[in-house]
Structures are given as structure tokens and as C-alpha cells.
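Peer 1: Compact mmCIF, C-alpha atoms, file start-v3.txt:
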```txt
# COMPACT_ATOMS: atom_id res chain seq x y z
CA MET A 1 -11.79 -14.38 27.14
CA PRO A 2 -13.40 -10.91 27.46
CA PRO A 3 -11.93 -8.62 24.78
CA HIS A 4 -10.98 -5.94 27.30
CA SER A 5 -9.74 -8.11 30.18
CA SER A 6 -6.35 -7.28 31.63
CA PHE A 7 -4.87 -10.40 30.03
CA ALA A 8 -6.32 -9.47 26.62
CA ASN A 9 -4.95 -5.95 26.96
CA SER A 10 -1.53 -7.26 27.95
CA SER A 11 -1.53 -9.73 25.05
CA ALA A 12 -2.52 -7.06 22.55
CA SER A 13 0.14 -4.72 23.90
CA THR A 14 2.85 -7.39 23.62
CA ALA A 15 1.73 -8.44 20.13
CA ALA A 16 1.62 -4.84 18.92
CA ALA A 17 5.10 -4.20 20.31
CA LEU A 18 6.52 -7.27 18.57
CA VAL A 19 4.89 -6.28 15.28
CA CYS A 20 6.32 -2.78 15.63
CA ILE A 21 9.80 -4.19 16.19
CA CYS A 22 9.51 -6.49 13.17
CA ARG A 23 8.03 -3.77 11.00
CA CYS A 24 9.97 -0.76 12.25
CA GLY A 25 13.14 -2.33 13.62
CA GLY A 26 13.42 0.53 16.09
CA SER A 27 13.57 3.05 13.24
CA HIS A 28 11.79 3.79 9.96
CA SER A 29 13.23 0.77 8.17
CA GLY A 30 11.77 -2.53 9.43
CA ILE A 31 13.74 -5.66 10.26
CA ALA A 32 12.34 -7.36 7.18
CA VAL A 33 13.47 -4.54 4.91
CA LEU A 34 16.81 -3.73 6.51
CA PRO A 35 19.53 -3.69 3.83
CA ARG A 36 21.36 -6.98 3.52
CA SER A 37 24.12 -8.30 1.30
CA PRO A 38 25.01 -8.62 -1.46
CA HIS A 39 22.87 -5.83 -2.91
CA GLY A 40 21.53 -4.11 0.20
CA PHE A 41 17.90 -5.15 -0.33
CA GLY A 42 15.33 -6.26 2.24
CA TRP A 43 12.87 -9.16 2.10
CA LEU A 44 9.45 -8.59 0.54
CA ARG A 45 7.33 -11.49 1.75
CA PRO A 46 8.23 -11.13 5.45
CA ALA A 47 7.61 -7.36 5.19
CA ILE A 48 4.14 -7.90 3.75
CA GLY A 49 3.45 -10.69 6.24
CA VAL A 50 4.29 -8.46 9.21
CA ILE A 51 1.98 -5.69 7.98
CA GLU A 52 -0.81 -8.21 7.41
CA LEU A 53 -0.29 -9.50 10.94
CA SER A 54 -0.63 -5.93 12.22
CA GLN A 55 -3.91 -5.56 10.32
CA ASN A 56 -5.32 -8.71 11.91
CA ILE A 57 -4.23 -7.74 15.42
CA VAL A 58 -5.72 -4.24 15.17
CA GLN A 59 -8.99 -5.55 13.72
CA ALA A 60 -9.14 -8.63 16.00
CA VAL A 61 -9.59 -10.91 12.98
CA PRO A 62 -8.05 -14.42 13.00
CA LEU A 63 -5.31 -15.09 10.48
CA SER A 64 -7.21 -18.15 9.30
CA ALA A 65 -9.88 -15.81 7.88
CA ARG A 66 -7.39 -14.77 5.20
CA LYS A 67 -7.63 -18.15 3.52
CA ALA A 68 -8.45 -17.42 -0.11
CA GLY A 69 -11.58 -18.93 -1.56
CA GLY A 70 -14.55 -18.29 -3.78
CA GLY A 71 -12.57 -15.97 -6.01
CA ASN A 72 -11.67 -13.74 -3.05
CA SER A 73 -7.91 -13.56 -2.55
CA GLU A 74 -8.17 -12.24 1.03
CA GLY A 75 -10.83 -14.65 2.18
CA ILE A 76 -13.48 -13.30 4.54
CA ALA A 77 -11.03 -11.28 6.66
CA PRO A 78 -12.07 -7.83 5.28
CA PHE A 79 -15.74 -8.55 6.11
CA LEU A 80 -14.96 -9.52 9.71
CA GLN A 81 -13.55 -6.05 10.49
CA LEU A 82 -17.06 -4.63 9.99
CA PRO A 83 -19.33 -4.30 13.04
CA HIS A 84 -21.93 -7.06 13.55
CA PHE A 85 -20.34 -9.23 10.84
CA THR A 86 -19.68 -12.92 11.51
CA GLU A 87 -18.89 -15.87 9.28
CA ALA A 88 -22.61 -16.60 9.17
CA THR A 89 -23.28 -13.06 7.92
CA VAL A 90 -20.72 -13.51 5.14
CA LYS A 91 -22.34 -16.78 4.07
CA LYS A 92 -25.77 -15.14 3.90
CA ILE A 93 -24.71 -12.29 1.60
CA ALA A 94 -22.72 -14.75 -0.54
CA ARG A 95 -26.07 -16.23 -1.56
CA LYS A 96 -26.69 -12.94 -3.37
CA LYS A 97 -23.31 -13.28 -5.09
CA ILE A 98 -21.57 -10.73 -2.86
CA ARG A 99 -18.41 -12.71 -2.20
CA ALA A 100 -15.64 -10.11 -2.45
CA PHE A 101 -15.32 -7.20 -0.05
CA GLN A 102 -15.01 -4.73 -2.93
CA GLU A 103 -18.35 -5.93 -4.29
CA LEU A 104 -19.98 -4.91 -1.02
CA CYS A 105 -18.22 -1.53 -1.08
CA ASP A 106 -19.28 -0.87 -4.69
CA MET A 107 -22.99 -1.28 -3.99
CA SER A 108 -25.21 1.77 -3.63
CA VAL A 109 -26.14 2.77 -0.09
CA GLU A 110 -29.75 1.74 -0.65
CA ASP A 111 -28.91 -1.66 -2.14
CA ARG A 112 -26.39 -2.35 0.61
CA ALA A 113 -28.89 -1.44 3.33
CA ALA A 114 -31.45 -3.79 1.77
CA LEU A 115 -28.86 -6.58 1.55
CA LEU A 116 -27.80 -6.19 5.17
CA THR A 117 -31.30 -5.97 6.62
CA GLN A 118 -33.25 -8.32 4.37
CA VAL A 119 -30.60 -10.95 3.59
CA ALA A 120 -27.94 -10.71 6.32
CA GLY A 121 -30.53 -10.23 9.08
CA LEU A 122 -29.06 -7.05 10.59
CA SER A 123 -31.26 -4.41 12.15
CA GLU A 124 -31.48 -0.97 10.58
CA GLU A 125 -29.28 0.43 13.34
CA GLU A 126 -26.67 -2.30 12.79
CA ALA A 127 -26.75 -1.63 9.04
CA ARG A 128 -26.06 2.05 9.76
CA ASP A 129 -23.07 1.03 11.91
CA VAL A 130 -21.69 -0.92 8.97
CA GLU A 131 -22.21 2.03 6.66
CA LEU A 132 -20.32 4.39 8.98
CA VAL A 133 -17.30 2.08 9.04
CA LEU A 134 -17.35 1.62 5.26
CA GLU A 135 -17.24 5.41 4.94
CA MET A 136 -14.05 5.43 7.05
CA ILE A 137 -12.12 2.82 5.06
CA PRO A 138 -9.46 4.58 2.95
CA SER A 139 -9.04 4.31 -0.78
CA ILE A 140 -5.43 4.72 -1.95
CA GLU A 141 -3.87 5.75 -5.25
CA VAL A 142 -0.15 6.01 -5.99
CA ASP A 143 1.53 7.93 -8.81
CA ILE A 144 5.26 7.29 -9.20
CA LYS A 145 7.85 9.05 -11.29
CA CYS A 146 11.51 8.01 -11.36
CA GLU A 147 14.37 9.76 -13.07
CA THR A 148 18.03 10.58 -13.05
CA GLU A 149 18.00 14.27 -12.20
CA GLY A 150 19.20 16.41 -15.04
CA GLU A 151 19.25 13.54 -17.55
CA GLU A 152 16.72 12.21 -20.04
CA GLY A 153 17.35 8.50 -19.55
CA ILE A 154 18.50 6.25 -16.74
CA GLN A 155 21.82 4.49 -17.16
CA GLU A 156 23.44 1.78 -15.08
CA GLY A 157 25.17 3.29 -12.06
CA ASP A 158 23.02 6.45 -12.04
CA VAL A 159 21.50 7.66 -8.80
CA VAL A 160 17.77 7.51 -9.47
CA THR A 161 15.26 9.67 -7.61
CA MET A 162 11.75 8.38 -7.03
CA TYR A 163 8.88 10.79 -6.53
CA ALA A 164 5.67 9.10 -5.37
CA TRP A 165 2.43 10.89 -4.62
CA VAL A 166 0.27 8.73 -2.36
CA SER A 167 -3.33 9.97 -2.36
CA LEU A 168 -6.03 9.00 0.14
CA GLN A 169 -9.78 9.37 -0.12
CA ARG A 170 -12.65 8.29 2.10
CA ARG A 171 -16.34 8.37 1.43
CA ASN A 172 -16.83 10.55 4.52
CA GLY A 173 -14.48 13.20 3.09
CA LEU A 174 -11.87 13.01 5.86
CA THR A 175 -8.14 12.65 5.28
CA ALA A 176 -6.83 12.10 8.81
CA ALA A 177 -8.82 9.56 10.82
CA LEU A 178 -8.39 6.84 13.40
CA PRO A 179 -9.28 3.31 12.30
CA HIS A 180 -12.35 1.50 13.57
CA SER A 181 -10.77 -0.98 15.99
CA PRO A 182 -13.11 -1.54 18.97
CA PHE A 183 -11.21 -4.58 20.27
CA PHE A 184 -7.76 -2.98 20.15
CA PRO A 185 -7.25 -1.54 23.64
CA PHE A 186 -4.81 1.24 22.74
CA HIS A 187 -4.71 4.41 20.67
CA LYS A 188 -3.90 3.45 17.07
CA GLU A 189 -3.25 5.73 14.13
CA GLU A 190 -3.30 4.62 10.53
CA ASN A 191 0.10 4.14 8.95
CA PHE A 192 0.82 3.25 5.37
CA TRP A 193 3.96 1.68 3.94
CA LEU A 194 5.15 2.19 0.39
CA LEU A 195 7.31 -0.69 -0.81
CA LEU A 196 9.11 -0.85 -4.14
CA ALA A 197 10.19 -4.40 -4.78
CA ASP A 198 11.39 -7.03 -7.21
CA ALA A 199 8.80 -9.61 -6.23
CA ALA A 200 10.36 -12.41 -8.25
CA SER A 201 13.57 -12.22 -6.23
CA ASN A 202 11.80 -11.25 -2.97
CA ASP A 203 13.87 -8.04 -2.76
CA VAL A 204 12.58 -4.74 -1.32
CA TRP A 205 14.33 -1.81 -2.99
CA LEU A 206 12.47 0.91 -1.09
CA SER A 207 10.46 1.08 2.11
CA GLN A 208 8.92 4.33 3.30
CA LYS A 209 6.33 5.08 5.98
CA VAL A 210 3.46 7.37 4.95
CA SER A 211 1.17 9.16 7.42
CA PHE A 212 -1.88 11.32 6.74
CA MET A 213 -2.33 12.52 10.32
CA ASP A 214 -0.24 15.74 10.22
CA GLU A 215 -1.03 17.98 7.24
CA ALA A 216 1.17 20.87 8.36
CA THR A 217 4.28 18.69 8.56
CA ALA A 218 3.46 17.14 5.19
CA ILE A 219 3.15 20.59 3.58
CA THR A 220 6.51 21.67 4.99
CA ALA A 221 8.26 18.49 3.86
CA ALA A 222 6.76 18.53 0.35
CA SER A 223 7.48 22.23 -0.16
CA LYS A 224 11.10 21.85 0.90
CA ALA A 225 11.66 18.75 -1.23
CA ILE A 226 10.13 20.28 -4.35
CA GLN A 227 12.02 23.55 -3.89
CA GLU A 228 15.38 21.82 -3.46
CA THR A 229 14.74 19.61 -6.47
CA GLN A 230 13.75 22.53 -8.69
CA GLU A 231 16.75 24.58 -7.57
CA ALA A 232 19.09 21.69 -8.36
CA LEU A 233 17.61 21.55 -11.86
CA GLY A 234 18.23 25.27 -12.36
CA ALA A 235 14.56 26.32 -12.39
CA SER A 236 13.65 30.00 -12.18
CA ALA A 237 12.10 31.53 -9.07
CA LYS A 238 8.75 31.65 -10.84
CA GLU A 239 8.92 27.98 -11.82
CA ILE A 240 9.91 27.03 -8.30
CA GLY A 241 7.00 28.98 -6.86
CA ILE A 242 4.52 27.29 -9.19
CA ALA A 243 5.88 23.82 -8.40
CA VAL A 244 5.73 24.45 -4.65
CA ARG A 245 2.16 25.78 -4.82
CA GLU A 246 1.09 22.71 -6.79
CA ALA A 247 2.68 20.45 -4.17
CA VAL A 248 0.97 22.28 -1.30
CA ASP A 249 -2.37 22.02 -3.10
CA LYS A 250 -1.90 18.25 -3.52
CA VAL A 251 -1.16 17.81 0.18
CA LYS A 252 -4.26 19.80 1.15
CA LYS A 253 -6.34 17.54 -1.07
CA GLY A 254 -5.14 14.41 0.70
CA SER A 255 -1.83 13.45 -0.95
CA ARG A 256 1.60 12.87 0.53
CA LEU A 257 4.95 13.08 -1.24
CA VAL A 258 7.33 10.15 -0.78
CA MET A 259 10.86 10.40 -2.14
CA GLY A 260 13.77 8.01 -2.26
CA LYS A 261 17.07 7.45 -4.04
CA PHE A 262 18.86 4.34 -5.19
CA GLN A 263 21.64 3.39 -7.55
CA ALA A 264 20.46 2.04 -10.88
CA PRO A 265 21.19 -1.66 -11.40
CA GLY A 266 22.76 -3.17 -14.51
CA GLU A 267 21.52 -2.63 -18.02
CA GLY A 268 18.19 -4.22 -18.88
CA SER A 269 14.48 -4.23 -18.08
CA HIS A 270 13.75 -4.94 -14.43
CA ASN A 271 10.29 -6.13 -13.39
CA LEU A 272 9.23 -4.21 -10.28
CA THR A 273 6.07 -3.93 -8.22
CA SER A 274 4.91 -1.06 -6.05
CA PHE A 275 2.93 -1.94 -2.91
CA CYS A 276 1.07 0.49 -0.65
CA LEU A 277 0.00 -1.27 2.54
CA CYS A 278 -2.04 -0.09 5.53
CA ASP A 279 -1.20 -1.46 8.97
CA ALA A 280 -4.69 -0.97 10.40
CA TRP A 281 -7.30 -1.89 7.76
CA ILE A 282 -7.75 -5.15 5.88
CA GLY A 283 -8.56 -4.96 2.19
CA CYS A 284 -7.42 -1.46 1.20
CA ASP A 285 -3.87 -2.34 0.08
CA THR A 286 -2.91 -1.54 -3.51
CA LYS A 287 -0.20 -2.61 -5.92
CA THR A 288 0.96 -2.17 -9.49
CA SER A 289 3.56 -3.93 -11.64
CA PHE A 290 5.83 -2.29 -14.19
CA LYS A 291 9.11 -2.60 -16.05
CA LEU A 292 12.11 -0.49 -15.18
CA LYS A 293 14.42 0.15 -18.11
CA VAL A 294 18.10 0.82 -17.48
CA LEU A 295 20.39 1.77 -20.38
CA LYS A 296 24.03 0.89 -20.91
CA ARG A 297 26.50 3.31 -19.36
CA SER A 298 27.56 6.04 -21.79
CA ARG A 299 28.07 8.99 -19.42
CA ALA A 300 31.18 9.50 -17.34
CA GLY A 301 30.95 9.23 -13.58
CA THR A 302 27.96 8.57 -11.34
CA ARG A 303 25.40 11.31 -11.01
CA GLY A 304 24.28 12.17 -7.50
CA HIS A 305 24.88 10.46 -4.18
CA VAL A 306 22.90 7.73 -2.48
CA PRO A 307 22.53 8.37 1.29
CA GLU A 308 23.41 5.45 3.52
CA GLU A 309 19.82 5.06 4.66
CA GLY A 310 18.29 6.18 1.39
CA PRO A 311 15.74 3.72 0.05
CA ALA A 312 15.76 2.32 -3.44
CA ALA A 313 13.48 3.59 -6.18
CA GLU A 314 12.32 2.82 -9.70
CA ASP A 315 14.04 3.94 -12.86
CA GLY A 316 12.84 5.24 -16.21
CA ILE A 317 9.87 3.00 -16.53
CA GLU A 318 8.94 1.42 -19.77
CA GLU A 319 5.30 0.83 -20.71
CA GLU A 320 4.11 -2.68 -20.14
CA GLU A 321 2.45 -3.63 -23.40
CA GLU A 322 1.49 -7.19 -22.59
CA GLU A 323 -0.05 -8.71 -19.52
CA GLU A 324 2.49 -11.41 -18.94
CA GLU A 325 1.90 -14.18 -16.48
CA GLU A 326 4.82 -13.70 -14.14
CA GLU A 327 5.25 -15.47 -10.86
CA TYR A 328 5.21 -12.29 -8.83
CA ASP A 329 2.00 -10.81 -10.21
CA ASP A 330 -0.09 -11.69 -7.18
CA TYR A 331 0.79 -12.94 -3.77
CA GLU A 332 -1.37 -14.83 -1.38
CA SER A 333 -1.12 -14.24 2.32
CA GLU A 334 1.65 -16.05 4.14
CA TYR A 335 -1.12 -17.37 6.33
CA SER A 336 -3.23 -18.73 3.50
CA ASP A 337 -3.30 -22.38 2.50
CA ASP A 338 -4.74 -21.58 -0.92
CA GLU A 339 -2.29 -20.90 -3.72
CA GLU A 340 -4.66 -20.00 -6.55
CA GLU A 341 -3.53 -16.89 -8.41
CA ASP A 342 -5.54 -13.85 -9.45
CA LYS A 343 -3.42 -12.54 -12.29
CA ASN A 344 -5.32 -9.46 -13.35
CA LYS A 345 -5.78 -7.60 -10.07
CA GLY A 346 -3.88 -4.48 -9.11
CA LYS A 347 -1.91 -4.19 -12.35
CA GLY A 348 -1.18 -0.70 -13.57
CA LYS A 349 0.13 0.61 -16.84
CA VAL A 350 3.33 2.53 -17.05
CA ALA A 351 4.53 5.07 -19.57
CA ASN A 352 7.22 7.70 -19.83
CA GLY A 353 8.85 7.00 -16.47
CA ALA A 354 5.63 7.21 -14.46
CA ALA A 355 3.51 4.52 -12.83
CA HIS A 356 -0.05 4.97 -11.61
CA GLN A 357 -1.42 2.68 -8.94
CA GLY A 358 -5.20 2.77 -8.79
CA ALA A 359 -7.32 2.80 -5.68
CA ASN A 360 -8.90 -0.26 -4.14
CA SER A 361 -6.64 -2.74 -5.92
CA ASP A 362 -6.55 -6.04 -4.08
CA ILE A 363 -3.17 -7.30 -3.03
CA ASP A 364 -2.48 -10.94 -2.43
CA SER A 365 0.70 -10.97 -0.45
CA GLY A 366 2.88 -13.66 0.96
CA SER A 367 4.67 -16.68 -0.36
CA ASP A 368 4.39 -18.09 -3.82
CA ASP A 369 6.09 -21.32 -2.91
```
Let's see the structure in the file written out as C-alpha cells.
Peer 2:
Amino acid sequence: MPPHSSFANSSASTAAALVCICRCGGSHSGIAVLPRSPHGFGWLRPAIGVIELSQNIVQAVPLSARKAGGGNSEGIAPFLQLPHFTEATVKKIARKKIRAFQELCDMSVEDRAALLTQVAGLSEEEARDVELVLEMIPSIEVDIKCETEGEEGIQEGDVVTMYAWVSLQRRNGLTAALPHSPFFPFHKEENFWLLLADAASNDVWLSQKVSFMDEATAITAASKAIQETQEALGASAKEIGIAVREAVDKVKKGSRLVMGKFQAPGEGSHNLTSFCLCDAWIGCDTKTSFKLKVLKRSRAGTRGHVPEEGPAAEDGIEEEEEEEEEEYDDYESEYSDDEEEDKNKGKGKVANGAAHQGANSDIDSGSDD
């Protein structure tokens, strides 16, 4: 079937609409992450599965290509979004021990050009096409801080505020860009989704959409949020001004502020994972795991108010001193038949109520059945 036939266009339009409904649910929340009883959490694995499906539709890559193998948790799917790449091309470069997509990205421009032309059999022009797309693929980092405003620790029943700075970088220096998607017949912007979840119980505590397309709107939103927060904490006009200027500078450098509130759960350490997922590119998703420490209630009342649609966030996060093998550490795609685990990827360290999620962490999402 020709990729741009009327039937193909109609099919892509219908598929994209269905994915949007599943992911967005007609609003910012997603059907998969809509609050449900008894605790008002959404489902993690379906949420990740829907975003992965969106990636494959936009990039015209079959879901079967996500089958993990050869030490690569996402299979050959990330390679197939590159121009002129086929399964045969992937097999050729694998002979030179380039089996993971990140290994290709980490090569120098010269070495990669030699690999593509001398080993993969691409022409110099085709190799340049590949290089241009690699320069467009985003690299994401997430820094998260969670706290009970006005208090030093987080206690059960507190309203916790999450502040997450999501930072994007590309090798071509751009922040806002449209994805390379030659077989997707409609205008498509990049969207990112920040999920805060208890992966072991399949619960999504927080789901927020993040866009890098409109810098002016992002500056306004970040400035207002930081100003209101500082005023609530009783900061001076000078302190507020400094905080706002720092926020504006971060936005101009390619970061976006994501905030959310949730009510702290019961006393104890809660294992959480932060996911940042792109709906247009395969292989640029990131994640980090951390422990959320909640203390026994010793203060009167409940501080703050959780809005009805307010997402859930992390609490005062305790440093993870050991790399424990926990069942939620890595997920494989819902569409993968391979259940081997890659325990050390995407894990971040947490200290003093802040989590840092590094760029280019692989994320193996889906079911751990």
C-alpha cells in the first residue's frame, strides 16, 4: 500500500485519533491515567503502552520491531525511524557491535559516517540524511523536587507539591522542532508526558503534558508559578525577583516547569518511578527510580488543598543507597515477547527531596507479567 494513498491517510488519521482519545481522554488526563478508586490513581502500563503506540504510528515502525533482543530493550524499533534504515541495515552494523541505538548516537560523526557508508552500504548523501535526523532527536533530563510547602518534612496527610524541571537538548541546538515523520500524513508536534508512578502497583500518581513549542507561554506560566509559590512562603520582593529571573532563564535555555499536588500517603518509604515519554520519537524516553519517605503525622490539620484535577507528586525523597532488584525497575514493551530485564538502566540517585533523571536513559515499558 503506498504510504500516502488515501486509504493510508485515512487509516493514519483514525489511528492517531484513537491514540489521542486513549492518551488524552478528551482533556489533559488520559483514559489510562484518569483517577479511579479506591485511591484515585491511573494505570501505568496502559499509559506507557498508548504512548509507545503513538511513537510507532508517527514513525511508521511496526510494533513487532520493539521485541527486545541482543541486549537492546527496545529491539530495532529506534533504528527503523532513521531514513534509509531497514532490518538488513541494522544487521550489518551489528557485525561491528553496534546493537543499541544509543551506541550509534554516541559515536563521533566521522566514525558514524564510516560505519554507515563502509559497513551499512549507504551512500554519502544517505549517511548525511541519517546524521540530520540524529541531530533532531531530543535528549531529556528531569530534575524533581517535592515538599510540603512551609514545612521541613513530609507527613502523612500533607499536601505535597512537586516541582519538576524538564530540560530538552538537541545536537542541532534547537528547542522547538517538528519530528522527522515522513510517512505520517498530518502535522505533528512533539509532546512529552511526565508520569510519576508506583510501578509495582501499576498506579500513576501524576500525569502532565509537557510541550517545548511555545516559549512565551512557558515563560509566563513558570514566572507566575514561581512568584505565587515564593509569595506563599513569605519571600521578600527581592527574593521573588531573583527566583522568577532564574526560572525565566531556565525556560529560555530549553527547560519547562511542571508542577503538581497530591496528598501524602501513609507513613513509610514508597518506591516511585518518574517517566518522561515522547509521543513522536522512539528511544528518547527517560526514567528514574527513587524512594519517597513519609513521616508519621505529628502536625495538626492538613496543610494545603489538593485540586480535584491536581495530579499526584512525590514526597520528601530519601536517597537510594542500594541498587535493589525490584520488579518495577525496568519494563518491557507491552508488545514485546521478551521478558529479560535490564536492571541498571535509567536509575537515578535521590537526595534531600530531589530526584535527577538523566538524559538518554532507556525505558523498557509495559507488562512485567
Peer 1: To one decimal in Å, tell me the separation between atom CA of A:Ile57 and atom CA of A:Trp193.
Peer 2: 17.0 Å
Peer 1: If I take atom CA of A:Gly75 and atom CA of A:Ala100, how far is one from the other in Å, to one decimal?
Peer 2: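 Interatomic distance here is 8.1 Å.
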Peer 1: Check the smallest atom-to-atom distance from each of A:Arg245, A:Arg256, A:Lys188, A:Lys145 to A:Phe290 using all atoms listed in the file, then report the winner.
Peer 2: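 Closest to A:Phe290 of all the choices is A:Lys145.
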Peer 1: Env of A:Leu257: 6 Å cut, atoms = only C-alpha atoms, seq-sep filter 2 positions within chain, self excluded. Answer as a JSON list (two decimals) with C-alpha atoms, in the coordinates of the input.
Peer 2:
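Generated output (around-v3.json):
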```
[["chain", "number", "residue", "atom", "x", "y", "z"],
["A", 164, "ALA", "CA", 5.67, 9.10, -5.37],
["A", 165, "TRP", "CA", 2.43, 10.89, -4.62],
["A", 222, "ALA", "CA", 6.76, 18.53, 0.35]]
```
Peer 1: Given the choices A:Ala235, A:Ala176, A:Gly283, A:Asn202, which gets closest to A:Ala77 if the distance is worked out from all atoms listed in the file?
Peer 2: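 Comparing A:Ala235, A:Ala176, A:Gly283, A:Asn202 against A:Ala77, the winner is A:Gly283.
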Peer 1: Can you tell me, as a list in words, which residues sit within 8 Å of (-9.5, -9.6, 3.7) in the file's frame, using all atoms listed in the file?
Peer 2: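 All residues meeting the 8 Å criterion around (-9.5, -9.6, 3.7) are Ala65, Arg66, Ser73, Glu74, Gly75, Ile76, Ala77, Pro78, Phe79, Phe101, Ile282 and Gly283 of chain A.
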Peer 1: Mind writing the picked residues with C-alpha atoms as a JSON list (two decimals), in the coordinates of the input?
Peer 2:
```
[["chain", "number", "residue", "atom", "x", "y", "z"],
["A", 65, "ALA", "CA", -9.88, -15.81, 7.88],
["A", 66, "ARG", "CA", -7.39, -14.77, 5.20],
["A", 73, "SER", "CA", -7.91, -13.56, -2.55],
["A", 74, "GLU", "CA", -8.17, -12.24, 1.03],
["A", 75, "GLY", "CA", -10.83, -14.65, 2.18],
["A", 76, "ILE", "CA", -13.48, -13.30, 4.54],
["A", 77, "ALA", "CA", -11.03, -11.28, 6.66],
["A", 78, "PRO", "CA", -12.07, -7.83, 5.28],
["A", 79, "PHE", "CA", -15.74, -8.55, 6.11],
["A", 101, "PHE", "CA", -15.32, -7.20, -0.05],
["A", 282, "ILE", "CA", -7.75, -5.15, 5.88],
["A", 283, "GLY", "CA", -8.56, -4.96, 2.19]]
```
Peer 1: Fewer than 4 positions away in the same chain doesn't count, so skip those; otherwise give me all residues within 10 Å of A:Gly121, counting all atoms listed in the file, as a list in words.
Peer 2: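 Once the nearby chain positions are removed, what remains is Thr89, Lys92, Ile93, Ala114, Leu115, Leu116, Thr117, Glu126 and Ala127 of chain A.
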